[in-house]
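Q: For reference, the file my_file32.pdb (PDB, C-alpha atoms) is included below:
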```
ATOM      1  CA  MET A   1      38.030 -36.556 135.656
ATOM      2  CA  PRO A   2      39.393 -40.114 135.729
ATOM      3  CA  VAL A   3      36.773 -42.784 136.150
ATOM      4  CA  ILE A   4      37.469 -45.814 138.325
ATOM      5  CA  ARG A   5      35.659 -48.844 136.995
ATOM      6  CA  PRO A   6      34.375 -51.572 139.312
ATOM      7  CA  ILE A   7      37.057 -53.944 138.008
ATOM      8  CA  ASP A   8      39.719 -51.367 138.944
ATOM      9  CA  ARG A   9      38.391 -51.145 142.514
ATOM     10  CA  TRP A  10      38.275 -54.973 142.734
ATOM     11  CA  PHE A  11      41.805 -55.191 141.360
ATOM     12  CA  ILE A  12      43.105 -52.662 143.903
ATOM     13  CA  ASP A  13      41.301 -54.282 146.840
ATOM     14  CA  GLU A  14      41.547 -57.991 146.062
ATOM     15  CA  VAL A  15      44.417 -58.583 143.633
ATOM     16  CA  LEU A  16      47.230 -56.092 144.248
ATOM     17  CA  PRO A  17      47.586 -56.844 147.986
ATOM     18  CA  ARG A  18      48.539 -60.429 147.034
ATOM     19  CA  GLU A  19      51.403 -59.401 144.729
ATOM     20  CA  GLY A  20      54.083 -60.156 147.357
ATOM     21  CA  GLN A  21      52.667 -63.617 148.017
ATOM     22  CA  LEU A  22      52.508 -64.298 144.282
ATOM     23  CA  LEU A  23      56.128 -63.222 143.879
ATOM     24  CA  ALA A  24      57.218 -65.594 146.649
ATOM     25  CA  VAL A  25      55.451 -68.495 144.923
ATOM     26  CA  ALA A  26      56.830 -67.467 141.515
ATOM     27  CA  GLN A  27      60.375 -67.363 142.892
ATOM     28  CA  ARG A  28      60.001 -70.958 144.050
ATOM     29  CA  MET A  29      58.753 -71.919 140.582
ATOM     30  CA  CYS A  30      61.369 -70.001 138.576
ATOM     31  CA  ARG A  31      65.101 -70.119 139.042
ATOM     32  CA  ASP A  32      65.609 -66.564 137.795
ATOM     33  CA  PRO A  33      64.175 -63.664 139.884
ATOM     34  CA  GLU A  34      63.526 -61.697 136.678
ATOM     35  CA  ASP A  35      61.440 -64.564 135.280
ATOM     36  CA  ALA A  36      59.512 -64.674 138.560
ATOM     37  CA  ARG A  37      58.702 -60.952 138.326
ATOM     38  CA  ASP A  38      57.662 -61.387 134.680
ATOM     39  CA  LEU A  39      55.401 -64.276 135.624
ATOM     40  CA  VAL A  40      53.716 -62.226 138.361
ATOM     41  CA  GLN A  41      53.207 -59.306 135.955
ATOM     42  CA  ASP A  42      51.634 -61.661 133.407
ATOM     43  CA  VAL A  43      49.252 -62.946 136.095
ATOM     44  CA  LEU A  44      48.324 -59.412 137.183
ATOM     45  CA  THR A  45      47.732 -58.385 133.579
ATOM     46  CA  LYS A  46      45.497 -61.393 133.054
ATOM     47  CA  MET A  47      43.505 -60.559 136.194
ATOM     48  CA  LEU A  48      42.936 -56.960 135.099
ATOM     49  CA  THR A  49      41.610 -58.004 131.702
ATOM     50  CA  ILE A  50      39.624 -61.093 132.630
ATOM     51  CA  GLU A  51      35.937 -61.316 131.846
ATOM     52  CA  GLY A  52      33.709 -62.558 134.616
ATOM     53  CA  TRP A  53      36.014 -61.178 137.300
ATOM     54  CA  SER A  54      33.107 -60.467 139.655
ATOM     55  CA  ALA A  55      32.264 -64.172 139.882
ATOM     56  CA  ILE A  56      35.725 -65.137 141.182
ATOM     57  CA  GLN A  57      35.258 -66.301 144.762
ATOM     58  CA  SER A  58      38.942 -66.629 145.667
ATOM     59  CA  PRO A  59      41.123 -64.255 143.640
ATOM     60  CA  TYR A  60      44.346 -65.543 145.259
ATOM     61  CA  GLY A  61      43.522 -69.173 144.437
ATOM     62  CA  TYR A  62      42.540 -68.151 140.931
ATOM     63  CA  MET A  63      45.846 -66.298 140.470
ATOM     64  CA  LEU A  64      47.797 -69.318 141.696
ATOM     65  CA  ARG A  65      45.990 -71.468 139.124
ATOM     66  CA  ILE A  66      46.770 -68.959 136.360
ATOM     67  CA  MET A  67      50.417 -68.841 137.461
ATOM     68  CA  ARG A  68      50.669 -72.632 137.462
ATOM     69  CA  ASN A  69      49.147 -72.853 133.973
ATOM     70  CA  MET A  70      51.434 -70.122 132.645
ATOM     71  CA  MET A  71      54.458 -71.886 134.087
ATOM     72  CA  ILE A  72      53.411 -75.193 132.504
ATOM     73  CA  GLU A  73      53.002 -73.418 129.150
ATOM     74  CA  ARG A  74      56.458 -71.838 129.479
ATOM     75  CA  VAL A  75      58.027 -75.221 130.216
ATOM     76  CA  ARG A  76      56.288 -76.759 127.213
ATOM     77  CA  ARG A  77      57.519 -73.974 124.946
ATOM     78  CA  ALA A  78      61.040 -74.255 126.339
ATOM     79  CA  ARG A  79      61.164 -77.926 125.346
ATOM     80  CA  ILE A  80      60.364 -77.151 121.717
ATOM     81  CA  VAL A  81      62.405 -74.009 121.126
ATOM     82  CA  ASP A  82      65.730 -74.338 119.381
ATOM     83  CA  PHE A  83      68.166 -72.206 121.371
ATOM     84  CA  ARG A  84      69.939 -71.147 118.183
ATOM     85  CA  GLN A  85      66.709 -69.412 117.170
ATOM     86  CA  LEU A  86      66.731 -67.456 120.407
ATOM     87  CA  SER A  87      70.227 -66.136 119.781
ATOM     88  CA  GLU A  88      69.199 -65.074 116.280
ATOM     89  CA  THR A  89      66.384 -62.938 117.639
ATOM     90  CA  ASP A  90      68.960 -60.507 119.008
ATOM     91  CA  TYR A  91      69.723 -59.474 115.440
ATOM     92  CA  MET A  92      66.126 -59.103 114.319
ATOM     93  CA  ASP A  93      64.693 -55.619 113.982
ATOM     94  CA  LEU A  94      61.440 -56.060 115.869
ATOM     95  CA  ALA A  95      58.707 -53.466 115.645
ATOM     96  CA  ASP A  96      57.947 -51.649 118.861
ATOM     97  CA  ASP A  97      54.276 -52.025 119.829
ATOM     98  CA  ALA A  98      54.440 -49.161 122.312
ATOM     99  CA  PRO A  99      52.583 -46.023 121.281
ATOM    100  CA  ASP A 100      54.736 -43.149 120.140
ATOM    101  CA  PRO A 101      54.616 -39.780 121.942
ATOM    102  CA  GLN A 102      52.159 -38.368 119.395
ATOM    103  CA  GLN A 103      49.735 -41.271 119.921
ATOM    104  CA  ILE A 104      50.017 -40.834 123.684
ATOM    105  CA  ALA A 105      49.308 -37.104 123.404
ATOM    106  CA  GLU A 106      46.353 -37.715 121.067
ATOM    107  CA  GLY A 107      44.987 -40.327 123.447
ATOM    108  CA  ARG A 108      45.235 -37.938 126.374
ATOM    109  CA  GLU A 109      43.545 -35.181 124.375
ATOM    110  CA  ALA A 110      40.767 -37.562 123.341
ATOM    111  CA  LEU A 111      40.278 -38.596 126.966
ATOM    112  CA  ASP A 112      40.131 -34.927 128.001
ATOM    113  CA  ASP A 113      37.574 -34.278 125.234
ATOM    114  CA  PHE A 114      35.509 -37.237 126.382
ATOM    115  CA  ASN A 115      35.609 -36.095 130.008
ATOM    116  CA  ARG A 116      34.523 -32.577 128.977
ATOM    117  CA  ALA A 117      31.704 -33.977 126.825
ATOM    118  CA  LEU A 118      30.647 -36.254 129.707
ATOM    119  CA  ALA A 119      30.645 -33.322 132.141
ATOM    120  CA  ASP A 120      28.518 -31.294 129.678
ATOM    121  CA  LEU A 121      25.775 -33.951 129.545
ATOM    122  CA  PRO A 122      22.495 -33.231 131.285
ATOM    123  CA  ALA A 123      22.640 -34.703 134.797
ATOM    124  CA  ARG A 124      20.075 -37.458 134.138
ATOM    125  CA  CYS A 125      21.743 -38.590 130.929
ATOM    126  CA  ARG A 126      25.187 -38.498 132.533
ATOM    127  CA  GLU A 127      24.042 -40.588 135.504
ATOM    128  CA  VAL A 128      22.465 -43.209 133.260
ATOM    129  CA  PHE A 129      25.508 -43.326 130.965
ATOM    130  CA  VAL A 130      28.015 -43.632 133.811
ATOM    131  CA  ARG A 131      26.039 -46.304 135.643
ATOM    132  CA  ARG A 132      25.311 -48.378 132.526
ATOM    133  CA  ARG A 133      28.445 -48.010 130.376
ATOM    134  CA  ILE A 134      31.183 -47.313 132.903
ATOM    135  CA  GLU A 135      30.003 -49.020 136.080
ATOM    136  CA  GLU A 136      28.320 -51.780 133.997
ATOM    137  CA  GLN A 137      25.169 -51.887 136.115
ATOM    138  CA  SER A 138      22.116 -53.631 134.702
ATOM    139  CA  THR A 139      19.430 -51.523 133.039
ATOM    140  CA  ARG A 140      16.776 -52.983 135.308
ATOM    141  CA  SER A 141      18.577 -52.025 138.515
ATOM    142  CA  ILE A 142      19.289 -48.498 137.239
ATOM    143  CA  ALA A 143      15.675 -48.003 136.137
ATOM    144  CA  GLN A 144      14.441 -49.293 139.472
ATOM    145  CA  ASP A 145      16.828 -47.046 141.455
ATOM    146  CA  LEU A 146      15.826 -43.980 139.432
ATOM    147  CA  GLY A 147      12.138 -44.863 139.427
ATOM    148  CA  VAL A 148      11.819 -44.743 135.631
ATOM    149  CA  THR A 149      10.689 -47.211 132.995
ATOM    150  CA  LEU A 150      13.181 -49.184 130.913
ATOM    151  CA  SER A 151      12.023 -47.223 127.883
ATOM    152  CA  THR A 152      12.831 -43.898 129.575
ATOM    153  CA  LEU A 153      16.196 -45.222 130.711
ATOM    154  CA  GLU A 154      17.074 -46.419 127.197
ATOM    155  CA  LYS A 155      16.069 -43.037 125.746
ATOM    156  CA  ARG A 156      18.323 -41.226 128.231
ATOM    157  CA  LEU A 157      21.191 -43.577 127.421
ATOM    158  CA  ALA A 158      20.694 -43.071 123.671
ATOM    159  CA  ARG A 159      20.572 -39.298 124.184
ATOM    160  CA  ALA A 160      23.771 -39.414 126.239
ATOM    161  CA  ILE A 161      25.559 -41.389 123.525
ATOM    162  CA  GLU A 162      24.322 -38.989 120.848
ATOM    163  CA  LEU A 163      25.493 -35.940 122.827
ATOM    164  CA  LEU A 164      28.859 -37.560 123.550
ATOM    165  CA  ALA A 165      29.314 -38.342 119.861
ATOM    166  CA  ARG A 166      28.509 -34.726 118.995
ATOM    167  CA  GLY A 167      30.890 -33.499 121.670
ATOM    168  CA  MET A 168      33.660 -35.721 120.336
ATOM    169  CA  GLY A 169      32.713 -35.099 116.676
ATOM    170  CA  PRO A 170      34.872 -32.029 116.001
ATOM    171  CA  ARG A 171      37.971 -33.846 117.259
ATOM    172  CA  ARG A 172      37.217 -36.889 115.111
ATOM    173  CA  LYS A 173      36.898 -34.705 112.000
ATOM    174  CA  VAL A 174      40.260 -33.043 112.672
ATOM    175  CA  LEU A 175      41.956 -36.419 113.232
ATOM    176  CA  LYS A 176      40.353 -37.934 110.124
ATOM    177  CA  ALA A 177      41.490 -34.988 108.003
ATOM    178  CA  ALA A 178      45.033 -35.324 109.376
ATOM    179  CA  ASN A 179      45.042 -39.093 108.713
ATOM    180  CA  ASP A 180      43.718 -38.550 105.169
ATOM    181  CA  ARG A 181      46.408 -35.932 104.563
ATOM    182  CA  ASP A 182      49.136 -38.268 105.878
ATOM    183  CA  SER A 183      47.847 -41.132 103.694
ATOM    184  CA  ALA A 184      47.856 -38.946 100.616
ATOM    185  CA  THR A 185      51.434 -37.811 101.193
ATOM    186  CA  GLY A 186      52.653 -41.318 102.029
ATOM    187  CA  HIS A 187      53.509 -40.741 105.709
TER     188      HIS A 187
END
```
Output the file's structure in the form of C-alpha coordinates.
A:
Amino acid sequence: MPVIRPIDRWFIDEVLPREGQLLAVAQRMCRDPEDARDLVQDVLTKMLTIEGWSAIQSPYGYMLRIMRNMMIERVRRARIVDFRQLSETDYMDLADDAPDPQQIAEGREALDDFNRALADLPARCREVFVRRRIEEQSTRSIAQDLGVTLSTLEKRLARAIELLARGMGPRRKVLKAANDRDSATGH
(Lines of atoms letter the chains of each structure in order from A and count residues from 1; the text may use other names and numbers.)
(Lines give C-alpha, C1' and ligand atoms only; values in the text may rest on other atoms or scores of the structure.)
Protein backbone atom coordinates (compact mmCIF):
# COMPACT_ATOMS: atom_id res chain seq x y z
CA MET A 1 0.00 0.00 0.00
CA PRO A 2 2.22 2.84 -1.23
CA VAL A 3 1.52 6.18 0.38
CA ILE A 4 1.66 9.36 -1.69
CA ARG A 5 2.81 12.26 0.42
CA PRO A 6 1.58 15.80 -0.22
CA ILE A 7 5.04 16.77 -1.51
CA ASP A 8 4.84 13.90 -4.03
CA ARG A 9 1.48 15.15 -5.33
CA TRP A 10 2.85 18.72 -5.54
CA PHE A 11 5.95 17.46 -7.34
CA ILE A 12 3.86 15.52 -9.87
CA ASP A 13 1.43 18.39 -10.48
CA GLU A 14 3.67 21.45 -10.31
CA VAL A 15 7.28 20.42 -10.94
CA LEU A 16 7.43 17.50 -13.37
CA PRO A 17 5.33 19.17 -16.10
CA ARG A 18 8.04 21.86 -16.35
CA GLU A 19 10.89 19.39 -16.99
CA GLY A 20 10.91 20.04 -20.76
CA GLN A 21 11.07 23.80 -20.26
CA LEU A 22 13.88 23.37 -17.74
CA LEU A 23 15.81 21.19 -20.18
CA ALA A 24 15.48 23.83 -22.90
CA VAL A 25 16.88 26.49 -20.56
CA ALA A 26 19.64 24.15 -19.35
CA GLN A 27 20.68 23.39 -22.93
CA ARG A 28 21.15 27.11 -23.55
CA MET A 29 23.26 27.34 -20.39
CA CYS A 30 25.38 24.23 -20.99
CA ARG A 31 27.26 23.35 -24.13
CA ASP A 32 26.95 19.61 -23.56
CA PRO A 33 23.44 18.01 -23.71
CA GLU A 34 24.50 15.48 -21.06
CA ASP A 35 25.47 18.30 -18.68
CA ALA A 36 22.10 19.94 -19.35
CA ARG A 37 20.24 16.74 -18.43
CA ASP A 38 22.38 16.37 -15.29
CA LEU A 39 21.62 19.95 -14.31
CA VAL A 40 17.87 19.40 -14.72
CA GLN A 41 18.05 16.19 -12.65
CA ASP A 42 19.91 18.06 -9.90
CA VAL A 43 17.18 20.73 -9.89
CA LEU A 44 14.41 18.11 -9.75
CA THR A 45 16.16 16.30 -6.92
CA LYS A 46 16.50 19.55 -5.00
CA MET A 47 12.79 20.31 -5.50
CA LEU A 48 11.73 16.89 -4.20
CA THR A 49 13.79 17.24 -1.03
CA ILE A 50 13.28 20.91 -0.26
CA GLU A 51 11.79 21.99 3.04
CA GLY A 52 9.08 24.60 2.88
CA TRP A 53 7.95 23.44 -0.55
CA SER A 54 4.32 24.36 0.15
CA ALA A 55 5.22 28.04 0.49
CA ILE A 56 6.71 28.26 -3.02
CA GLN A 57 4.41 30.50 -5.04
CA SER A 58 6.04 29.96 -8.44
CA PRO A 59 7.74 26.56 -8.68
CA TYR A 60 9.00 27.24 -12.23
CA GLY A 61 10.61 30.54 -11.22
CA TYR A 62 12.08 28.88 -8.15
CA MET A 63 13.54 26.07 -10.29
CA LEU A 64 15.07 28.59 -12.69
CA ARG A 65 16.72 30.33 -9.73
CA ILE A 66 18.07 27.01 -8.43
CA MET A 67 19.35 26.13 -11.91
CA ARG A 68 21.08 29.50 -12.26
CA ASN A 69 22.74 29.13 -8.84
CA MET A 70 23.85 25.58 -9.60
CA MET A 71 25.32 26.69 -12.91
CA ILE A 72 27.21 29.55 -11.22
CA GLU A 73 28.59 27.08 -8.66
CA ARG A 74 29.69 24.70 -11.43
CA VAL A 75 31.49 27.52 -13.24
CA ARG A 76 33.24 28.56 -10.03
CA ARG A 77 34.38 25.00 -9.38
CA ALA A 78 35.55 24.60 -12.97
CA ARG A 79 37.85 27.61 -12.57
CA ILE A 80 39.61 26.08 -9.57
CA VAL A 81 39.90 22.45 -10.61
CA ASP A 82 43.18 21.24 -12.02
CA PHE A 83 42.30 19.15 -15.07
CA ARG A 84 45.12 16.73 -14.30
CA GLN A 85 43.24 15.82 -11.12
CA LEU A 86 40.17 14.99 -13.16
CA SER A 87 42.07 12.56 -15.35
CA GLU A 88 43.49 10.88 -12.25
CA THR A 89 40.02 10.18 -10.91
CA ASP A 90 39.54 7.60 -13.65
CA TYR A 91 42.05 5.39 -11.87
CA MET A 92 40.61 5.80 -8.40
CA ASP A 93 38.56 2.97 -6.95
CA LEU A 94 35.54 4.90 -5.72
CA ALA A 95 33.04 3.30 -3.40
CA ASP A 96 29.58 2.82 -4.83
CA ASP A 97 26.94 4.54 -2.69
CA ALA A 98 24.10 2.62 -4.31
CA PRO A 99 22.44 0.02 -2.10
CA ASP A 100 23.29 -3.56 -2.88
CA PRO A 101 20.55 -6.06 -3.82
CA GLN A 102 20.33 -7.35 -0.24
CA GLN A 103 19.77 -3.83 1.14
CA ILE A 104 17.11 -3.21 -1.50
CA ALA A 105 15.34 -6.47 -0.63
CA GLU A 106 15.53 -5.71 3.11
CA GLY A 107 14.16 -2.24 2.49
CA ARG A 108 11.25 -3.62 0.50
CA GLU A 109 10.53 -6.20 3.20
CA ALA A 110 10.64 -3.51 5.88
CA LEU A 111 8.25 -1.37 3.85
CA ASP A 112 5.91 -4.35 3.44
CA ASP A 113 6.10 -4.98 7.21
CA PHE A 114 5.33 -1.34 7.91
CA ASN A 115 2.37 -1.35 5.52
CA ARG A 116 1.00 -4.52 7.16
CA ALA A 117 1.47 -3.03 10.64
CA LEU A 118 -0.22 0.20 9.48
CA ALA A 119 -3.15 -1.75 8.02
CA ASP A 120 -3.50 -3.68 11.32
CA LEU A 121 -3.88 -0.48 13.38
CA PRO A 122 -7.29 0.36 14.77
CA ALA A 123 -9.06 2.68 12.32
CA ARG A 124 -8.93 5.76 14.58
CA CYS A 125 -5.24 5.34 15.35
CA ARG A 126 -4.42 4.70 11.70
CA GLU A 127 -6.29 7.81 10.55
CA VAL A 128 -4.54 10.01 13.10
CA PHE A 129 -1.12 8.53 12.27
CA VAL A 130 -1.54 8.89 8.51
CA ARG A 131 -2.85 12.44 8.71
CA ARG A 132 -0.22 13.63 11.20
CA ARG A 133 2.94 11.73 10.23
CA ILE A 134 2.46 11.01 6.54
CA GLU A 135 0.26 13.85 5.30
CA GLU A 136 1.90 16.25 7.82
CA GLN A 137 -1.36 17.91 8.83
CA SER A 138 -1.40 19.99 12.00
CA THR A 139 -2.67 18.40 15.20
CA ARG A 140 -5.18 21.18 15.68
CA SER A 141 -6.79 20.71 12.27
CA ILE A 142 -6.96 16.92 12.71
CA ALA A 143 -8.48 17.24 16.19
CA GLN A 144 -10.99 19.75 14.90
CA ASP A 145 -11.94 17.58 11.90
CA LEU A 146 -12.38 14.50 14.10
CA GLY A 147 -14.14 16.41 16.86
CA VAL A 148 -11.71 15.28 19.58
CA THR A 149 -9.49 17.09 22.05
CA LEU A 150 -5.76 17.53 21.43
CA SER A 151 -5.12 15.21 24.35
CA THR A 152 -7.23 12.44 22.78
CA LEU A 153 -5.53 12.97 19.43
CA GLU A 154 -2.06 12.76 21.00
CA LYS A 155 -3.03 9.57 22.84
CA ARG A 156 -4.23 7.97 19.59
CA LEU A 157 -1.02 9.01 17.84
CA ALA A 158 1.11 7.60 20.68
CA ARG A 159 -0.89 4.36 20.59
CA ALA A 160 -0.44 4.11 16.82
CA ILE A 161 3.32 4.57 17.15
CA GLU A 162 3.49 1.98 19.93
CA LEU A 163 1.50 -0.56 17.88
CA LEU A 164 3.61 0.12 14.78
CA ALA A 165 6.79 -0.39 16.80
CA ARG A 166 5.43 -3.69 18.13
CA GLY A 167 4.41 -4.73 14.63
CA MET A 168 7.88 -3.93 13.30
CA GLY A 169 9.64 -5.29 16.42
CA PRO A 170 10.08 -8.92 15.35
CA ARG A 171 11.74 -7.83 12.11
CA ARG A 172 14.08 -5.47 13.95
CA LYS A 173 15.17 -8.27 16.30
CA VAL A 174 15.95 -10.59 13.38
CA LEU A 175 17.94 -7.87 11.59
CA LYS A 176 19.83 -6.92 14.76
CA ALA A 177 20.75 -10.56 15.40
CA ALA A 178 21.97 -10.91 11.80
CA ASN A 179 24.01 -7.69 12.07
CA ASP A 180 25.51 -8.82 15.40
CA ARG A 181 26.40 -12.18 13.86
CA ASP A 182 28.02 -10.49 10.84
CA SER A 183 30.01 -8.15 13.12
CA ALA A 184 31.26 -11.03 15.20
CA THR A 185 32.45 -12.97 12.16
CA GLY A 186 34.03 -9.90 10.55
CA HIS A 187 31.70 -9.61 7.53
Q: Give as number ranges by chain the residues that the PyMOL selection byres ((chain A and resi 124) around 10) matches when applied to the coordinates above.
A: A: 121-123, 125-129, 146, 153, 156-157, 160
Q: Taking 4 positions as the minimum chain separation for residues in the same chain, which residues sit within 8 Å of stretch 17-21 of chain A when counting all atoms listed in the file? Answer as a ChimeraX atom specification.
A: /A:12-13,25,40,60
Q: Determine, counting all atoms listed in the file, which protein, DNA and RNA residues have an atom within 12 Å of an atom of A:Leu16; residues of the same chain fewer than 4 positions away are not included. Present the result as a ChimeraX atom specification.
A: /A:8-12,20-23,40-41,43-45,47-48,59-60,63
Q: At what distance in Å, to one decimal, does atom CA of A:Ile4 lie from atom CA of A:Gln103?
A: 22.6 Å
Q: Got a sec: who's within 10 Å of A:Cys30, counting all atoms listed in the file, leaving out chain neighbours fewer than 6 positions off, as an MDAnalysis selection string?
A: chainID A and resid 36:37 39 71
Q: Between A:Val15, A:Arg74, A:Asp32, A:Leu164, which has the minimum distance to A:Trp53 (counting only C-alpha atoms)?
A: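 Nearest candidate to A:Trp53 out of A:Val15, A:Arg74, A:Asp32, A:Leu164: A:Val15.
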Q: Please write out, as AutoDock Vina command-line options, where the centre of an axis-aligned box around all listed atoms of stretch 143-159 of chain A lies and how long its edges are, in Å to one decimal, after adding 6 Å on each side.
A:
```
--center_x 15.9 --center_y -44.3 --center_z 132.6 --size_x 22.5 --size_y 22.0 --size_z 29.8
```
Q: I'd like to know which of A:Leu163, A:Met70, A:Leu150, A:Ile7 is closest to A:Gly52, using all atoms listed in the file.
A: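 Of A:Leu163, A:Met70, A:Leu150, A:Ile7, the one nearest A:Gly52, counting all atoms listed in the file, is A:Ile7.
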Q: Find the residue from A:Met67, A:Glu109, A:Ile56, A:Ser138 that sits nearest to A:Gln27; use all atoms listed in the file when measuring.
A: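 The shortest atom-to-atom distance to A:Gln27 comes from A:Met67.
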Q: To one decimal place in Å, what is the distance between atom CA of A:Arg140 and atom CA of A:Asp120?
A: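 It comes out at 25.3 Å.
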